[in-house]
Amino acid sequence: MPNGKLQLPIALDAMGGDNAPACVLRGAAMALVRHPGSKFQFYGNRYLMEPMLQTMPQLKAASEIVHTELAIANDDKPSHAVRRGKGSSMWLAIESVKEGKSCAIVSAGNTGALMAMSKLILRTLPGISRPAIAGLFPTLRGECVMLDLGANVESDSVDLFRFAIMGDAFARAVLGLSRPKIGLLNIGEEELKGRDEVKQARDLIKANGHDLNFHGFIEGNDIAEGTVDVVVTDGFTGNVALKTAEGAARLIRTYLKDAFNSSPVAKAGGFLAYGALKAVKEKLDDRRHNGAMFLGLNGIAVKSHGGADAYSFCNAISVAVELVAHHINDRIIQEIKLSGLPQLTQDASTLAAAVSTAAHEESR
């Protein structure tokens, strides 16, 4: 991790997710071992967390609790959360980033609420009109970054160009790549195929993305092949691809389990192949790839799977640590300036924009 220890603690929404607050605390304890010297701020119910922290002395010494009994439920509508969630664990954790009390926020809570609140409180970086959700995908060559995974149902050509810039910065920070290869997801590799927005985005990147290592169009099968390091698409397509990949991984794991339990001979074969099967299981374990960032915000916000366990949540914290350590937002701002895109300014409609984002989440 460059520049040594993090200068500020990481804010954790201790009440977000299906297994909160236990998985949040246990995940933080694992992250403390992985990233010695880290500090954490837990936002949530003190009376639920303090008994657990008593059993984790090292974590207790490296953390503090900001008490609130208000939490955003998983089934709360994002627009409702934006209007009435002030003072909740999620709100306070995000607000701590804005106020400079923490360097990043990690939450396993309601995705739509987290996006809407983050956009309202943190606002967007100069030159960014729409944040995008970026996450990691396993590939035959390692991992790739994919965005947008669901923040924007529709994206125009300029949005896609900005996603390419943000994805490049994310891949440099998290994957440690000096020159990530970028591809636009399309229905074919041919120049004439695809929607106008995608073709126009290709032209924009070729004309203005001078610092981008642009591969061109890719198809769905190229994601798992590892053809590129950064996959750029709109949020509707990206979310469908994400859920399809997660379902396919579960399908393969189930098929393998059923096959090796089908007979005594098959069980014996499974025993002999235990090492290889364990390696396959680990590669297909989506917990290893947990942690999606809301790129484009003026602050680092990382979303964990809602059903995360301690190991999974620890990996989401690790994503936040790497993004902070590599100054990802500084990279994005610099690359936006170099691209020649117009520098957007914040306006008085931030709340309306956040509620609009929430409305898109509710429609999905």
# chains A, B, ... in the order shown; residues from 1 in each chain; ligands from 1
$ select_by_dssp --residues "region 103-204 of chain A" --states "strand (DSSP E or B)" --output "number ranges by chain"
A: 104-107, 124, 132-139, 142-147, 181-185
$ select_by_dssp --residues "region 220-302 of chain A" --states "helix (DSSP H, G or I)" --output "PyMOL selection string"
chain A and resi 221-225+235-260+264-272+274-283+286-289
$ residues_around --residues "Phe170 (chain A)" --least-positions-apart "6" --cutoff "9 Å" --atoms "only C-alpha atoms" --output "list in words"
Ala134, Val145, Val230, Met293, Leu295, Leu323, Ile328, Arg331 and Ile332 of chain A
$ write_last_selection --atoms "all heavy atoms" --output "mmCIF file, in the first residue's frame"
data_model
loop_
_atom_site.group_PDB
_atom_site.id
_atom_site.type_symbol
_atom_site.label_atom_id
_atom_site.label_comp_id
_atom_site.auth_asym_id
_atom_site.auth_seq_id
_atom_site.Cartn_x
_atom_site.Cartn_y
_atom_site.Cartn_z
ATOM 1 N N ALA A 134 -18.792 0.329 -10.132
ATOM 2 C CA ALA A 134 -17.722 -0.481 -10.716
ATOM 3 C C ALA A 134 -17.381 -1.630 -9.791
ATOM 4 O O ALA A 134 -17.266 -1.450 -8.577
ATOM 5 C CB ALA A 134 -16.471 0.368 -10.960
ATOM 6 N N VAL A 145 -12.351 -5.217 -14.438
ATOM 7 C CA VAL A 145 -13.269 -4.234 -13.872
ATOM 8 C C VAL A 145 -14.435 -4.070 -14.831
ATOM 9 O O VAL A 145 -14.238 -4.030 -16.052
ATOM 10 C CB VAL A 145 -12.563 -2.874 -13.687
ATOM 11 C CG1 VAL A 145 -13.549 -1.815 -13.211
ATOM 12 C CG2 VAL A 145 -11.406 -3.008 -12.717
ATOM 13 N N VAL A 230 -10.915 -3.656 -18.552
ATOM 14 C CA VAL A 230 -12.030 -2.792 -18.156
ATOM 15 C C VAL A 230 -13.153 -2.964 -19.169
ATOM 16 O O VAL A 230 -12.957 -2.743 -20.369
ATOM 17 C CB VAL A 230 -11.617 -1.304 -18.099
ATOM 18 C CG1 VAL A 230 -12.803 -0.433 -17.683
ATOM 19 C CG2 VAL A 230 -10.452 -1.102 -17.132
ATOM 20 N N MET A 293 -17.409 0.031 -6.132
ATOM 21 C CA MET A 293 -17.320 1.451 -5.796
ATOM 22 C C MET A 293 -18.293 2.264 -6.620
ATOM 23 O O MET A 293 -18.516 1.978 -7.796
ATOM 24 C CB MET A 293 -15.907 1.977 -6.028
ATOM 25 C CG MET A 293 -15.785 3.458 -5.681
ATOM 26 S SD MET A 293 -14.172 4.166 -6.022
ATOM 27 C CE MET A 293 -14.506 5.902 -5.649
ATOM 28 N N LEU A 295 -18.181 5.072 -8.465
ATOM 29 C CA LEU A 295 -17.191 5.940 -9.085
ATOM 30 C C LEU A 295 -17.811 7.247 -9.550
ATOM 31 O O LEU A 295 -18.935 7.281 -10.044
ATOM 32 C CB LEU A 295 -16.564 5.237 -10.285
ATOM 33 C CG LEU A 295 -15.537 4.145 -9.988
ATOM 34 C CD1 LEU A 295 -15.158 3.428 -11.278
ATOM 35 C CD2 LEU A 295 -14.309 4.723 -9.328
ATOM 36 N N LEU A 323 -8.357 1.914 -2.917
ATOM 37 C CA LEU A 323 -8.810 3.105 -3.624
ATOM 38 C C LEU A 323 -8.310 4.376 -2.940
ATOM 39 O O LEU A 323 -7.901 5.331 -3.600
ATOM 40 C CB LEU A 323 -10.340 3.111 -3.702
ATOM 41 C CG LEU A 323 -10.952 2.001 -4.556
ATOM 42 C CD1 LEU A 323 -12.466 1.989 -4.414
ATOM 43 C CD2 LEU A 323 -10.565 2.162 -6.024
ATOM 44 N N ILE A 328 -7.649 7.510 -5.999
ATOM 45 C CA ILE A 328 -8.386 7.265 -7.236
ATOM 46 C C ILE A 328 -9.113 8.503 -7.753
ATOM 47 O O ILE A 328 -9.133 8.768 -8.956
ATOM 48 C CB ILE A 328 -9.376 6.087 -7.073
ATOM 49 C CG1 ILE A 328 -10.020 5.768 -8.435
ATOM 50 C CG2 ILE A 328 -10.424 6.382 -6.007
ATOM 51 C CD1 ILE A 328 -10.785 4.502 -8.482
ATOM 52 N N ARG A 331 -6.904 10.764 -9.657
ATOM 53 C CA ARG A 331 -6.632 10.209 -10.990
ATOM 54 C C ARG A 331 -7.776 10.534 -11.954
ATOM 55 O O ARG A 331 -7.547 10.918 -13.103
ATOM 56 C CB ARG A 331 -6.465 8.690 -10.911
ATOM 57 C CG ARG A 331 -5.187 8.208 -10.233
ATOM 58 C CD ARG A 331 -5.222 6.677 -10.151
ATOM 59 N NE ARG A 331 -4.035 6.131 -9.518
ATOM 60 C CZ ARG A 331 -2.949 5.723 -10.163
ATOM 61 N NH1 ARG A 331 -2.909 5.818 -11.479
ATOM 62 N NH2 ARG A 331 -1.922 5.231 -9.512
ATOM 63 N N ILE A 332 -9.021 10.337 -11.469
ATOM 64 C CA ILE A 332 -10.183 10.580 -12.330
ATOM 65 C C ILE A 332 -10.249 12.044 -12.736
ATOM 66 O O ILE A 332 -10.469 12.371 -13.916
ATOM 67 C CB ILE A 332 -11.478 10.153 -11.611
ATOM 68 C CG1 ILE A 332 -11.516 8.628 -11.453
ATOM 69 C CG2 ILE A 332 -12.706 10.634 -12.388
ATOM 70 C CD1 ILE A 332 -12.670 8.134 -10.596
#
$ closest_residue --among "A:Asn329, A:Ser63, A:Ser118, A:Ser263" --to "Val82 (chain A)" --atoms "only C-alpha atoms"
A:Ser118
$ closest_residue --among "A:Ser102, A:Thr139, A:Asn239, A:Thr227" --to "Val153 (chain A)" --atoms "only C-alpha atoms"
A:Asn239
$ residues_around --residues "Glu69 (chain A)" --least-positions-apart "4" --cutoff "8 Å" --atoms "only C-alpha atoms" --output "PyMOL selection string"
chain A and resi 44-45+88-89
$ write_last_selection --atoms "N, CA, C and O atoms" --output "compact mmCIF listing (two decimals), in the first residue's frame"
# COMPACT_ATOMS: atom_id res chain seq x y z
N GLY A 44 -23.68 2.90 14.16
CA GLY A 44 -24.79 2.02 14.45
C GLY A 44 -25.10 1.97 15.93
O GLY A 44 -24.69 2.85 16.70
N ASN A 45 -25.81 0.93 16.30
CA ASN A 45 -26.29 0.79 17.67
C ASN A 45 -25.16 0.32 18.60
O ASN A 45 -24.70 -0.81 18.52
N SER A 88 -29.40 8.29 10.17
CA SER A 88 -29.26 6.83 10.14
C SER A 88 -27.78 6.46 10.09
O SER A 88 -26.91 7.30 9.83
N SER A 89 -27.48 5.18 10.33
CA SER A 89 -26.08 4.73 10.29
C SER A 89 -25.47 4.97 8.92
O SER A 89 -24.31 5.38 8.80
$ residues_around --residues "Thr124 (chain A)" --least-positions-apart "5" --cutoff "9 Å" --atoms "only C-alpha atoms" --output "number ranges by chain"
A: 119, 129-131, 295-299, 345-346
$ atom_distance --atom1 "CA of Ala108 (chain A)" --atom2 "CA of His305 (chain A)"
5.5 Å
$ residues_around --residues "Ile65 (chain A)" --least-positions-apart "2" --cutoff "9 Å" --atoms "only C-alpha atoms" --output "ChimeraX atom specification"
/A:40-46,49-50,63,67
$ closest_residue --among "A:His327, A:Ala164, A:Leu6, A:Ser312" --to "Ala28 (chain A)" --atoms "only C-alpha atoms"
A:Ser312
$ closest_residue --among "A:Ala276, A:Val106, A:Leu120, A:Leu70" --to "Cys314 (chain A)" --atoms "only C-alpha atoms"
A:Val106
$ atom_distance --atom1 "CA of Ala279 (chain A)" --atom2 "CA of Ala22 (chain A)"
27.9 Å
$ closest_residue --among "A:Val158, A:Ala173, A:Val228, A:Met15" --to "Val198 (chain A)" --atoms "only C-alpha atoms"
A:Val158
$ atom_distance --atom1 "CA of Asp148 (chain A)" --atom2 "CA of Ala241 (chain A)"
10.4 Å
